[in-house]
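A.B. asks: Got a structure here, written out as structure tokens. Questions coming.
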Amino acid sequence: MEVLLMFPASVNRPIDDHLKNIVTKIETENPSLSVFAARQFRYSLCQNTVELTIKEPRQLNVLEEFIIRAGIEFETPPTADELASILGLDSVFVHSTISTLQSLQTLAVKSPITVTAEGRLFYERGTVPQPPYAVQIFAITDSLNEQLSFQSESLNDVIVNLPDLATFLNIEQKINQLSSLKLAEIQQFIQDASLKFHIPEEGKIVTAFKVIPPSKLFWKTISLFVIFDVIEDKLNIQIRSGKRILETASTRVSSLLNEGKISLQSLCDLSNEIINSAREAILKQRNS
């Protein structure tokens with residue numbers, strides 16, 4: 001049975017009161033780990049409004065279906081007036097329906113009735129394209145986790161009275177600017193987010209997008225743990241959002257620590273003297 005290594009009582013470690021339960025859980029579940037420091041910070045997420053242009057079909061009505069069929073199947077396609085006479089309908093009604101189909105690029109703007117290539121494709125599905133419409137969604141850039149995500153609702157604007165992590169860490173912006181993304185990439189992001197705006201198999205297509213300024217910052221609370229792994233004799237950083245470990249952020253910040261680009265004294269008030277004293281005491285416990 002593995003023995004739980006205790007942090008020496010003689011050494012004061014900076015642990016935020018809100019994080020004591022998590023620290024206990026980390027050390028209990030993995031006796032080879034000892035938390036040297038735990039602190040809460042805030043960091044910013046950048047939100048952009050993105051306007052999508054969407055094109056989707058609707059079912060053909062009976063008259064629309066007959067008009068398109070006439071343009072495809074009649075050996076000599078009729079004019080609007082001829083078709084009105086055949087159907088026994090008011091020519092104004094037929095002209096109006098043909099104009100609608102022409103505006104949807106299902107019929108060519110000429111006489112007699114001429115079905116476009118796109119119109120033939122939609123006719124085979126029993127649908128007709130509707131005029132494009134716009135919806136707004138939100139793109140969230142998370143520089144710390146190197147993530148770009150999309151959602152239908154805006155982030156909540158809350159006040160977080162904690163130190164800004166950016167004051168201590170220089171996290172490089174590695175996510176592509178939204179405006180430089182290609183339409184296919186935006187379409188994929190939307191599908192990955194399970195947003196019902198781009199469903200090609202149903203004929204619902206995002207045909208364009210634009211970013212609407214300005215960008216807005218929203219604050220989020222995260223927890224930072226400085227953890228000593230006695231087996232590897234190494235310090236690592238673990239970043240959490242609530243109970244969830246942010247793997248990408250943890251790896252990035254641990255790399256900065258190992259490269260000597262982070263000062264633990266300024267980040268946690270954790271001096272080299274404290275680190276060395278705690279490390280030596282824990283290693284002594286393990287070897288005894």
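Letters A, B, ... mark the chains of the structure tokens in the order given; residue numbers begin at 1 per chain; ligand numbers begin at 1, in order shown.
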Show which residues sit within 12 Å of region 71-77 of chain A, as a list of chain:residue names. Count only C-alpha atoms, and ignore same-chain residues fewer than 6 positions away.
C.D. replies: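 Listed by chain and then number, they are A:Glu64, A:Glu65, A:Leu83, A:Ile98, A:Leu101, A:Thr106, A:Leu107, A:Ala108, A:Lys110, A:Ser111, A:Pro112, A:Ile113, A:Thr114, A:Val115, A:Thr116, A:Ala117, A:Gly119, A:Arg120, A:Leu121, A:Tyr123, A:Glu124.
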A.B. asks: Filtering to C-alpha atoms, could you give me those residues as an mmCIF file, in the first residue's frame?
C.D. replies:
data_model
loop_
_atom_site.group_PDB
_atom_site.id
_atom_site.type_symbol
_atom_site.label_atom_id
_atom_site.label_comp_id
_atom_site.auth_asym_id
_atom_site.auth_seq_id
_atom_site.Cartn_x
_atom_site.Cartn_y
_atom_site.Cartn_z
ATOM 1 C CA GLU A 64 -44.756 25.625 -58.273
ATOM 2 C CA GLU A 65 -44.295 21.913 -58.909
ATOM 3 C CA LEU A 83 -49.736 27.759 -68.817
ATOM 4 C CA ILE A 98 -43.127 32.346 -61.845
ATOM 5 C CA LEU A 101 -39.337 31.041 -58.724
ATOM 6 C CA THR A 106 -35.074 28.119 -59.920
ATOM 7 C CA LEU A 107 -36.363 29.525 -63.228
ATOM 8 C CA ALA A 108 -34.405 31.649 -65.669
ATOM 9 C CA LYS A 110 -36.998 34.705 -69.656
ATOM 10 C CA SER A 111 -39.959 33.299 -71.589
ATOM 11 C CA PRO A 112 -40.969 30.559 -72.232
ATOM 12 C CA ILE A 113 -40.557 28.846 -68.846
ATOM 13 C CA THR A 114 -36.944 27.717 -68.491
ATOM 14 C CA VAL A 115 -35.743 25.687 -65.517
ATOM 15 C CA THR A 116 -32.202 26.380 -64.277
ATOM 16 C CA ALA A 117 -29.704 23.635 -63.396
ATOM 17 C CA GLY A 119 -33.923 24.373 -60.182
ATOM 18 C CA ARG A 120 -33.704 20.840 -61.593
ATOM 19 C CA LEU A 121 -31.716 19.688 -58.548
ATOM 20 C CA TYR A 123 -37.148 19.750 -58.175
ATOM 21 C CA GLU A 124 -35.726 16.231 -57.788
#
A.B. asks: Run DSSP on the backbone and tell me which residues of region 80-209 of chain A come out as strand (DSSP E); list them as a list of chain:residue names.
C.D. replies: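 Those in region 80-209 of chain A that DSSP calls strand (DSSP E) are A:Thr127, A:Val128, A:Pro129, A:Tyr133, A:Ala134, A:Val135, A:Gln136, A:Ile137, A:Phe138, A:Ala139, A:Ile140, A:Thr141, A:Asp142, A:Gln147, A:Leu148, A:Ser149, A:Phe150, A:Gln151, A:Ile205, A:Val206, A:Thr207, A:Ala208, A:Phe209.
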A.B. asks: For the residues in the current selection, export N, CA and C atoms as a PDB file, in the first residue's frame.
C.D. replies:
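Written out: out.pdb:
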ATOM      1  N   THR A 127     -38.261  20.291 -53.487  1.00  0.00           N
ATOM      2  CA  THR A 127     -38.103  21.522 -52.711  1.00  0.00           C
ATOM      3  C   THR A 127     -37.750  22.687 -53.626  1.00  0.00           C
ATOM      4  N   VAL A 128     -37.770  23.871 -53.015  1.00  0.00           N
ATOM      5  CA  VAL A 128     -37.363  25.073 -53.716  1.00  0.00           C
ATOM      6  C   VAL A 128     -36.564  25.924 -52.731  1.00  0.00           C
ATOM      7  N   PRO A 129     -35.486  26.559 -53.183  1.00  0.00           N
ATOM      8  CA  PRO A 129     -34.693  27.365 -52.243  1.00  0.00           C
ATOM      9  C   PRO A 129     -35.461  28.600 -51.794  1.00  0.00           C
ATOM     10  N   TYR A 133     -31.251  34.181 -45.507  1.00  0.00           N
ATOM     11  CA  TYR A 133     -31.542  34.987 -44.321  1.00  0.00           C
ATOM     12  C   TYR A 133     -30.331  34.966 -43.398  1.00  0.00           C
ATOM     13  N   ALA A 134     -30.296  35.892 -42.482  1.00  0.00           N
ATOM     14  CA  ALA A 134     -29.126  36.050 -41.602  1.00  0.00           C
ATOM     15  C   ALA A 134     -29.473  35.704 -40.164  1.00  0.00           C
ATOM     16  N   VAL A 135     -28.507  35.085 -39.474  1.00  0.00           N
ATOM     17  CA  VAL A 135     -28.608  34.856 -38.030  1.00  0.00           C
ATOM     18  C   VAL A 135     -27.272  35.249 -37.410  1.00  0.00           C
ATOM     19  N   GLN A 136     -27.289  35.583 -36.149  1.00  0.00           N
ATOM     20  CA  GLN A 136     -26.067  35.945 -35.443  1.00  0.00           C
ATOM     21  C   GLN A 136     -25.752  34.898 -34.376  1.00  0.00           C
ATOM     22  N   ILE A 137     -24.478  34.488 -34.358  1.00  0.00           N
ATOM     23  CA  ILE A 137     -23.988  33.592 -33.325  1.00  0.00           C
ATOM     24  C   ILE A 137     -22.737  34.236 -32.722  1.00  0.00           C
ATOM     25  N   PHE A 138     -22.104  33.540 -31.787  1.00  0.00           N
ATOM     26  CA  PHE A 138     -20.970  34.126 -31.076  1.00  0.00           C
ATOM     27  C   PHE A 138     -19.757  33.203 -31.145  1.00  0.00           C
ATOM     28  N   ALA A 139     -18.630  33.795 -31.511  1.00  0.00           N
ATOM     29  CA  ALA A 139     -17.362  33.069 -31.554  1.00  0.00           C
ATOM     30  C   ALA A 139     -16.566  33.405 -30.306  1.00  0.00           C
ATOM     31  N   ILE A 140     -16.105  32.370 -29.599  1.00  0.00           N
ATOM     32  CA  ILE A 140     -15.376  32.552 -28.352  1.00  0.00           C
ATOM     33  C   ILE A 140     -13.931  32.108 -28.557  1.00  0.00           C
ATOM     34  N   THR A 141     -13.016  33.046 -28.400  1.00  0.00           N
ATOM     35  CA  THR A 141     -11.593  32.751 -28.521  1.00  0.00           C
ATOM     36  C   THR A 141     -10.998  32.597 -27.132  1.00  0.00           C
ATOM     37  N   ASP A 142     -10.456  31.416 -26.863  1.00  0.00           N
ATOM     38  CA  ASP A 142      -9.813  31.098 -25.589  1.00  0.00           C
ATOM     39  C   ASP A 142      -8.328  30.910 -25.860  1.00  0.00           C
ATOM     40  N   GLN A 147      -8.293  27.481 -28.090  1.00  0.00           N
ATOM     41  CA  GLN A 147      -9.569  26.990 -28.602  1.00  0.00           C
ATOM     42  C   GLN A 147     -10.382  28.121 -29.218  1.00  0.00           C
ATOM     43  N   LEU A 148     -11.059  27.781 -30.288  1.00  0.00           N
ATOM     44  CA  LEU A 148     -12.043  28.675 -30.890  1.00  0.00           C
ATOM     45  C   LEU A 148     -13.338  27.892 -30.972  1.00  0.00           C
ATOM     46  N   SER A 149     -14.394  28.412 -30.388  1.00  0.00           N
ATOM     47  CA  SER A 149     -15.668  27.705 -30.382  1.00  0.00           C
ATOM     48  C   SER A 149     -16.793  28.668 -30.742  1.00  0.00           C
ATOM     49  N   PHE A 150     -17.926  28.098 -31.115  1.00  0.00           N
ATOM     50  CA  PHE A 150     -19.089  28.895 -31.504  1.00  0.00           C
ATOM     51  C   PHE A 150     -20.290  28.469 -30.677  1.00  0.00           C
ATOM     52  N   GLN A 151     -21.124  29.426 -30.325  1.00  0.00           N
ATOM     53  CA  GLN A 151     -22.350  29.130 -29.584  1.00  0.00           C
ATOM     54  C   GLN A 151     -23.429  30.128 -29.963  1.00  0.00           C
ATOM     55  N   ILE A 205     -27.658  25.394 -45.853  1.00  0.00           N
ATOM     56  CA  ILE A 205     -26.244  25.702 -46.082  1.00  0.00           C
ATOM     57  C   ILE A 205     -25.904  27.104 -45.577  1.00  0.00           C
ATOM     58  N   VAL A 206     -24.785  27.213 -44.847  1.00  0.00           N
ATOM     59  CA  VAL A 206     -24.224  28.523 -44.533  1.00  0.00           C
ATOM     60  C   VAL A 206     -23.411  28.954 -45.756  1.00  0.00           C
ATOM     61  N   THR A 207     -23.856  30.013 -46.404  1.00  0.00           N
ATOM     62  CA  THR A 207     -23.237  30.421 -47.665  1.00  0.00           C
ATOM     63  C   THR A 207     -22.230  31.565 -47.517  1.00  0.00           C
ATOM     64  N   ALA A 208     -22.258  32.250 -46.371  1.00  0.00           N
ATOM     65  CA  ALA A 208     -21.331  33.363 -46.142  1.00  0.00           C
ATOM     66  C   ALA A 208     -21.324  33.706 -44.665  1.00  0.00           C
ATOM     67  N   PHE A 209     -20.300  34.436 -44.245  1.00  0.00           N
ATOM     68  CA  PHE A 209     -20.245  34.903 -42.859  1.00  0.00           C
ATOM     69  C   PHE A 209     -19.471  36.211 -42.807  1.00  0.00           C
TER      70      PHE A 209
END
A.B. asks: Taking into account only C-alpha atoms, which residue in the set A:Val158, A:Ile190, A:Ala166, A:Leu217 is nearest to Leu45 (chain A)?
C.D. replies: A:Leu217
A.B. asks: As a list in words, list the residues of region 96-170 of chain A assigned to alpha helix (DSSP H) by DSSP on the backbone atoms of this structure.
C.D. replies: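 Across region 96-170 of chain A, those assigned alpha helix (DSSP H) are Ser96, Thr97, Ile98, Ser99, Thr100, Leu101, Gln102, Ser103, Ala117, Glu118, Gly119, Arg120, Leu121, Phe122, Tyr123, Glu124 and Arg125 of chain A.
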A.B. asks: How would the residues just chosen look if you wrote them out with all heavy atoms as a CSV table (one decimal), in the first residue's frame?
C.D. replies:
chain,number,residue,atom,x,y,z
A,96,SER,N,-47.1,35.7,-61.0
A,96,SER,CA,-46.6,36.0,-59.7
A,96,SER,C,-45.8,34.8,-59.2
A,96,SER,O,-44.6,35.0,-58.6
A,96,SER,CB,-47.7,36.3,-58.7
A,96,SER,OG,-47.2,36.5,-57.4
A,97,THR,N,-46.3,33.6,-59.4
A,97,THR,CA,-45.6,32.4,-58.9
A,97,THR,C,-44.3,32.2,-59.7
A,97,THR,O,-43.2,31.9,-59.2
A,97,THR,CB,-46.5,31.2,-59.0
A,97,THR,OG1,-47.7,31.4,-58.3
A,97,THR,CG2,-45.7,29.9,-58.5
A,98,ILE,N,-44.3,32.5,-61.0
A,98,ILE,CA,-43.1,32.3,-61.8
A,98,ILE,C,-42.1,33.4,-61.4
A,98,ILE,O,-40.9,33.1,-61.3
A,98,ILE,CB,-43.5,32.5,-63.3
A,98,ILE,CG1,-44.2,31.3,-63.8
A,98,ILE,CG2,-42.2,32.7,-64.2
A,98,ILE,CD1,-44.7,31.4,-65.2
A,99,SER,N,-42.5,34.6,-61.1
A,99,SER,CA,-41.6,35.6,-60.7
A,99,SER,C,-40.9,35.2,-59.4
A,99,SER,O,-39.7,35.4,-59.2
A,99,SER,CB,-42.3,37.0,-60.4
A,99,SER,OG,-42.8,37.5,-61.7
A,100,THR,N,-41.7,34.6,-58.5
A,100,THR,CA,-41.1,34.1,-57.2
A,100,THR,C,-40.0,33.0,-57.5
A,100,THR,O,-38.9,33.1,-56.9
A,100,THR,CB,-42.2,33.5,-56.3
A,100,THR,OG1,-43.1,34.5,-56.0
A,100,THR,CG2,-41.6,32.9,-55.0
A,101,LEU,N,-40.3,32.1,-58.4
A,101,LEU,CA,-39.3,31.0,-58.7
A,101,LEU,C,-38.1,31.6,-59.4
A,101,LEU,O,-37.0,31.1,-59.2
A,101,LEU,CB,-40.0,30.0,-59.6
A,101,LEU,CG,-41.1,29.1,-58.9
A,101,LEU,CD1,-41.8,28.2,-59.9
A,101,LEU,CD2,-40.5,28.3,-57.8
A,102,GLN,N,-38.3,32.7,-60.2
A,102,GLN,CA,-37.2,33.3,-60.9
A,102,GLN,C,-36.3,34.0,-59.8
A,102,GLN,O,-35.1,34.0,-59.9
A,102,GLN,CB,-37.7,34.3,-61.9
A,102,GLN,CG,-38.3,33.6,-63.2
A,102,GLN,CD,-38.9,34.6,-64.1
A,102,GLN,OE1,-39.3,35.7,-63.7
A,102,GLN,NE2,-39.0,34.3,-65.4
A,103,SER,N,-36.9,34.6,-58.9
A,103,SER,CA,-36.1,35.3,-57.8
A,103,SER,C,-35.3,34.4,-57.0
A,103,SER,O,-34.3,34.7,-56.4
A,103,SER,CB,-37.1,36.1,-56.9
A,103,SER,OG,-37.9,35.3,-56.1
A,117,ALA,N,-30.3,24.9,-63.9
A,117,ALA,CA,-29.7,23.6,-63.4
A,117,ALA,C,-30.0,23.4,-61.9
A,117,ALA,O,-30.3,22.3,-61.4
A,117,ALA,CB,-28.2,23.7,-63.7
A,118,GLU,N,-29.9,24.6,-61.2
A,118,GLU,CA,-30.2,24.5,-59.7
A,118,GLU,C,-31.6,24.1,-59.5
A,118,GLU,O,-31.9,23.3,-58.6
A,118,GLU,CB,-29.8,25.8,-59.1
A,118,GLU,CG,-30.0,25.8,-57.5
A,118,GLU,CD,-29.6,27.1,-56.9
A,118,GLU,OE1,-29.5,28.2,-57.6
A,118,GLU,OE2,-29.5,27.2,-55.7
A,119,GLY,N,-32.5,24.7,-60.3
A,119,GLY,CA,-33.9,24.4,-60.2
A,119,GLY,C,-34.2,22.9,-60.4
A,119,GLY,O,-35.1,22.3,-59.7
A,120,ARG,N,-33.5,22.3,-61.3
A,120,ARG,CA,-33.7,20.8,-61.6
A,120,ARG,C,-33.3,20.0,-60.4
A,120,ARG,O,-34.0,19.0,-60.0
A,120,ARG,CB,-32.9,20.4,-62.8
A,120,ARG,CG,-33.5,20.9,-64.1
A,120,ARG,CD,-32.6,20.6,-65.3
A,120,ARG,NE,-33.1,21.1,-66.6
A,120,ARG,CZ,-33.9,20.4,-67.4
A,120,ARG,NH1,-34.3,19.1,-67.0
A,120,ARG,NH2,-34.4,20.9,-68.5
A,121,LEU,N,-32.2,20.4,-59.7
A,121,LEU,CA,-31.7,19.7,-58.5
A,121,LEU,C,-32.7,19.8,-57.4
A,121,LEU,O,-33.0,18.8,-56.8
A,121,LEU,CB,-30.4,20.3,-58.1
A,121,LEU,CG,-29.2,20.0,-59.0
A,121,LEU,CD1,-27.9,20.7,-58.5
A,121,LEU,CD2,-28.9,18.5,-59.1
A,122,PHE,N,-33.3,21.0,-57.2
A,122,PHE,CA,-34.2,21.1,-56.1
A,122,PHE,C,-35.6,20.4,-56.5
A,122,PHE,O,-36.2,19.8,-55.6
A,122,PHE,CB,-34.5,22.6,-55.9
A,122,PHE,CG,-33.5,23.2,-55.0
A,122,PHE,CD1,-32.4,24.0,-55.5
A,122,PHE,CD2,-33.6,23.1,-53.6
A,122,PHE,CE1,-31.5,24.6,-54.6
A,122,PHE,CE2,-32.7,23.7,-52.7
A,122,PHE,CZ,-31.6,24.4,-53.3
A,123,TYR,N,-35.9,20.4,-57.8
A,123,TYR,CA,-37.1,19.8,-58.2
A,123,TYR,C,-37.1,18.3,-57.9
A,123,TYR,O,-38.1,17.6,-57.5
A,123,TYR,CB,-37.4,20.0,-59.7
A,123,TYR,CG,-38.6,19.3,-60.2
A,123,TYR,CD1,-39.9,19.7,-59.9
A,123,TYR,CD2,-38.4,18.2,-61.1
A,123,TYR,CE1,-41.0,19.0,-60.4
A,123,TYR,CE2,-39.5,17.5,-61.6
A,123,TYR,CZ,-40.8,17.9,-61.2
A,123,TYR,OH,-41.9,17.3,-61.7
A,124,GLU,N,-35.9,17.7,-58.1
A,124,GLU,CA,-35.7,16.2,-57.8
A,124,GLU,C,-36.0,15.9,-56.3
A,124,GLU,O,-36.4,14.8,-56.0
A,124,GLU,CB,-34.3,15.8,-58.2
A,124,GLU,CG,-34.1,15.8,-59.7
A,124,GLU,CD,-32.6,15.5,-60.1
A,124,GLU,OE1,-31.8,15.3,-59.2
A,124,GLU,OE2,-32.3,15.5,-61.3
A,125,ARG,N,-35.7,16.9,-55.4
A,125,ARG,CA,-35.9,16.7,-54.0
A,125,ARG,C,-37.3,17.2,-53.6
A,125,ARG,O,-37.7,17.0,-52.4
A,125,ARG,CB,-34.9,17.6,-53.2
A,125,ARG,CG,-33.4,17.2,-53.5
A,125,ARG,CD,-32.5,18.2,-52.8
A,125,ARG,NE,-31.1,18.0,-53.1
A,125,ARG,CZ,-30.2,18.9,-53.0
A,125,ARG,NH1,-30.5,20.1,-52.5
A,125,ARG,NH2,-28.9,18.7,-53.3
A.B. asks: Would you pick out the contacts of Pro14 (chain A) at 9 Å or less, using only C-alpha atoms, so that residues sharing its chain but fewer than 4 positions from it are not included, and give the list as an NGL selection string?
C.D. replies: :A and (36-39 or 268-270)
A.B. asks: Could you check which of A:Leu183, A:Leu224, A:Val92, A:Leu87 is closest to Ile22 (chain A), using only C-alpha atoms?
C.D. replies: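 Of A:Leu183, A:Leu224, A:Val92, A:Leu87, the one nearest Ile22 (chain A), counting only C-alpha atoms, is A:Leu224.
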A.B. asks: Applying 9 Å and only C-alpha atoms, which residues near Pro131 (chain A) remain after dropping the ones on its own chain fewer than 3 positions away? List them as a CSV table (one decimal) with C-alpha atoms, in the first residue's frame.
C.D. replies:
chain,number,residue,atom,x,y,z
A,54,ILE,CA,-28.1,30.8,-44.5
A,55,LYS,CA,-29.9,29.3,-47.5
A,56,GLU,CA,-32.3,26.5,-47.1
A,57,PRO,CA,-35.1,24.9,-49.1
A,103,SER,CA,-36.1,35.3,-57.8
A,104,LEU,CA,-35.1,32.1,-56.2
A.B. asks: With distances taken over only C-alpha atoms, which residue among A:Gln130, A:Asn170, A:Thr251, A:Ser223 lies nearest Ser263 (chain A)?
C.D. replies: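 Smallest separation from Ser263 (chain A) among the options: A:Asn170.
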A.B. asks: To one decimal in Å, tell me the separation between CA of Thr24 (chain A) and CA of Leu264 (chain A).
C.D. replies: 21.1 Å
A.B. asks: Hey, which of A:Arg13, A:Lys182, A:Asn272, A:Gln191 ends up closest to Ser34 (chain A)? Count only C-alpha atoms.
C.D. replies: A:Arg13
